[in-house]
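For reference, the structure discussed in these notes is given below.
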Amino acid sequence: MAIRKIIPLEDAYKLVDELKRQGKRVVFTNGCFDLIHPGHTRLLQAARKLGDVLVVAVNSDASVRGLNKGPDRPILPQAERAEIIAALEGVDYVTIFDTVSVLPVVERMLPTVLVKGGTYPHNEIVGHEVVEAAGGEVVSIPVVEGFSTSSIVEAAMRLFPV
């Protein structure tokens with residue numbers, strides 16, 4: 001069932017357009033989601049509570065590499081990361097995007113609510129200007145201290161040096 005939640009980006013745009021026409025409150029967030037941890041799941045649970053439908057955009061492998069997360073990132077390929085996110089109960093749809101910046105996706109999707117983790121101040125949330133200009137809301141969810149993919153990778157490297 002989770003796989004059916006994963007849809008191509010163009011289909012996600014059409015779906016969001018239709019949901020907004022129906023008066024649904026569409027919540028959107030994005031990220032690499034490489035090695036899912038409680039910080040990710042809590043963010044997604046909180047985001048889901050902000051609307052009727054939660055759409056999550058996962059960075060493609062190429063866009064993760066463009067973010068310079070590290071030479072061996074992403075750890076999991078995009079299809080597996082999308083499948084894990086889609087398996088979470090509160091996530092309605094997952095799509096994958098190729099650009100390093102999510103701005104083109106946000107501009108086209110124009111969600112009702114744009115959500116990011118609290119590591120981003122409001123003015124640094126990519127797309128906040130266009131969402132707010134369209135009458136939408138931008139929400140920063142507080143981060144869960146002690147959880148990050150980078151810290152998990154660093155701990156694993158200490159335990160299992162290459």
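In the structure tokens, the first chain shown is A, the next is B, and so on; residue numbers restart at 1 for each chain, and ligands run from 1 in the order shown.
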All alpha helix (DSSP H) residues (DSSP, backbone) inside range 82-149 of chain A, as number ranges by chain
A: 82-86, 103-109, 128-133, 149
Among the residues of range 32-156 of chain A, find those DSSP assigns to strand (DSSP E or B) from the backbone and print them as JSON, numbers by chain.
{"A": [53, 54, 55, 56, 57, 58, 59, 93, 94, 95, 96, 97, 113, 114, 115, 116, 117, 137, 138, 139, 140, 141]}
For those residues, write N, CA and C atoms to a file as an mmCIF file, in the first residue's frame.
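selection.cif, written as the output of this step:
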data_model
loop_
_atom_site.group_PDB
_atom_site.id
_atom_site.type_symbol
_atom_site.label_atom_id
_atom_site.label_comp_id
_atom_site.auth_asym_id
_atom_site.auth_seq_id
_atom_site.Cartn_x
_atom_site.Cartn_y
_atom_site.Cartn_z
ATOM 1 N N VAL A 53 -4.287 16.893 4.199
ATOM 2 C CA VAL A 53 -3.455 15.998 3.389
ATOM 3 C C VAL A 53 -1.999 16.410 3.563
ATOM 4 N N LEU A 54 -1.130 15.419 3.777
ATOM 5 C CA LEU A 54 0.302 15.685 3.895
ATOM 6 C C LEU A 54 1.030 15.132 2.688
ATOM 7 N N VAL A 55 1.712 16.021 1.970
ATOM 8 C CA VAL A 55 2.526 15.654 0.813
ATOM 9 C C VAL A 55 3.983 15.883 1.188
ATOM 10 N N VAL A 56 4.797 14.846 1.003
ATOM 11 C CA VAL A 56 6.216 14.929 1.337
ATOM 12 C C VAL A 56 7.033 14.769 0.059
ATOM 13 N N ALA A 57 7.924 15.723 -0.182
ATOM 14 C CA ALA A 57 8.827 15.651 -1.332
ATOM 15 C C ALA A 57 10.209 15.228 -0.835
ATOM 16 N N VAL A 58 10.725 14.163 -1.417
ATOM 17 C CA VAL A 58 12.020 13.606 -1.043
ATOM 18 C C VAL A 58 13.048 14.024 -2.085
ATOM 19 N N ASN A 59 14.200 14.517 -1.608
ATOM 20 C CA ASN A 59 15.273 14.861 -2.536
ATOM 21 C C ASN A 59 15.734 13.615 -3.283
ATOM 22 N N TYR A 93 0.949 11.326 0.607
ATOM 23 C CA TYR A 93 1.597 11.182 -0.692
ATOM 24 C C TYR A 93 3.067 11.541 -0.573
ATOM 25 N N VAL A 94 3.872 10.871 -1.381
ATOM 26 C CA VAL A 94 5.307 11.135 -1.452
ATOM 27 C C VAL A 94 5.671 11.320 -2.914
ATOM 28 N N THR A 95 6.526 12.291 -3.157
ATOM 29 C CA THR A 95 7.045 12.495 -4.499
ATOM 30 C C THR A 95 8.547 12.743 -4.381
ATOM 31 N N ILE A 96 9.244 12.636 -5.489
ATOM 32 C CA ILE A 96 10.701 12.828 -5.504
ATOM 33 C C ILE A 96 11.009 13.991 -6.436
ATOM 34 N N PHE A 97 11.900 14.882 -5.986
ATOM 35 C CA PHE A 97 12.271 16.016 -6.836
ATOM 36 C C PHE A 97 13.772 16.037 -7.063
ATOM 37 N N VAL A 113 -0.086 24.941 3.570
ATOM 38 C CA VAL A 113 0.854 25.048 4.687
ATOM 39 C C VAL A 113 2.199 24.464 4.256
ATOM 40 N N LEU A 114 3.248 25.249 4.419
ATOM 41 C CA LEU A 114 4.620 24.814 4.147
ATOM 42 C C LEU A 114 5.290 24.580 5.498
ATOM 43 N N VAL A 115 5.857 23.387 5.692
ATOM 44 C CA VAL A 115 6.444 23.013 6.980
ATOM 45 C C VAL A 115 7.914 22.651 6.811
ATOM 46 N N LYS A 116 8.718 23.094 7.770
ATOM 47 C CA LYS A 116 10.120 22.662 7.851
ATOM 48 C C LYS A 116 10.471 22.478 9.318
ATOM 49 N N GLY A 117 11.565 21.757 9.552
ATOM 50 C CA GLY A 117 12.061 21.575 10.906
ATOM 51 C C GLY A 117 12.633 22.866 11.445
ATOM 52 N N GLU A 137 0.340 29.456 4.763
ATOM 53 C CA GLU A 137 0.977 29.568 6.065
ATOM 54 C C GLU A 137 2.312 28.824 6.032
ATOM 55 N N VAL A 138 3.289 29.343 6.769
ATOM 56 C CA VAL A 138 4.592 28.701 6.885
ATOM 57 C C VAL A 138 4.811 28.381 8.361
ATOM 58 N N VAL A 139 5.123 27.106 8.637
ATOM 59 C CA VAL A 139 5.266 26.657 10.019
ATOM 60 C C VAL A 139 6.624 25.992 10.201
ATOM 61 N N SER A 140 7.298 26.372 11.271
ATOM 62 C CA SER A 140 8.567 25.751 11.649
ATOM 63 C C SER A 140 8.288 24.870 12.863
ATOM 64 N N ILE A 141 8.521 23.571 12.714
ATOM 65 C CA ILE A 141 8.285 22.605 13.787
ATOM 66 C C ILE A 141 9.581 22.490 14.609
#
For each of A:Asp92, A:Leu43, A:Ser60, A:Val102, take the minimum atom-to-atom distance to Thr119 in chain A, counting only C-alpha atoms, then give the residue where this is smallest.
A:Leu43
Residue neighbourhood Thr112 in chain A, 6 Å, only C-alpha atoms, exclusion window fewer than 3 positions, as a ChimeraX atom specification:
/A:25-26,136
Could you please take those selected residues and save C-alpha atoms as a PDB file, in the first residue's frame?
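Result went into result.pdb, see below:
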ATOM      1  CA  ARG A  25      -5.814  22.114   3.486  1.00  0.00           C
ATOM      2  CA  VAL A  26      -2.650  20.718   1.851  1.00  0.00           C
ATOM      3  CA  GLY A 136      -0.673  30.201   2.746  1.00  0.00           C
TER       4      GLY A 136
END
Shell around Asp11 in chain A at 12 Å using only C-alpha atoms, local window under 2 positions removed, as a PyMOL selection string:
chain A and resi 5-9+13-18+55+93-96+108-109
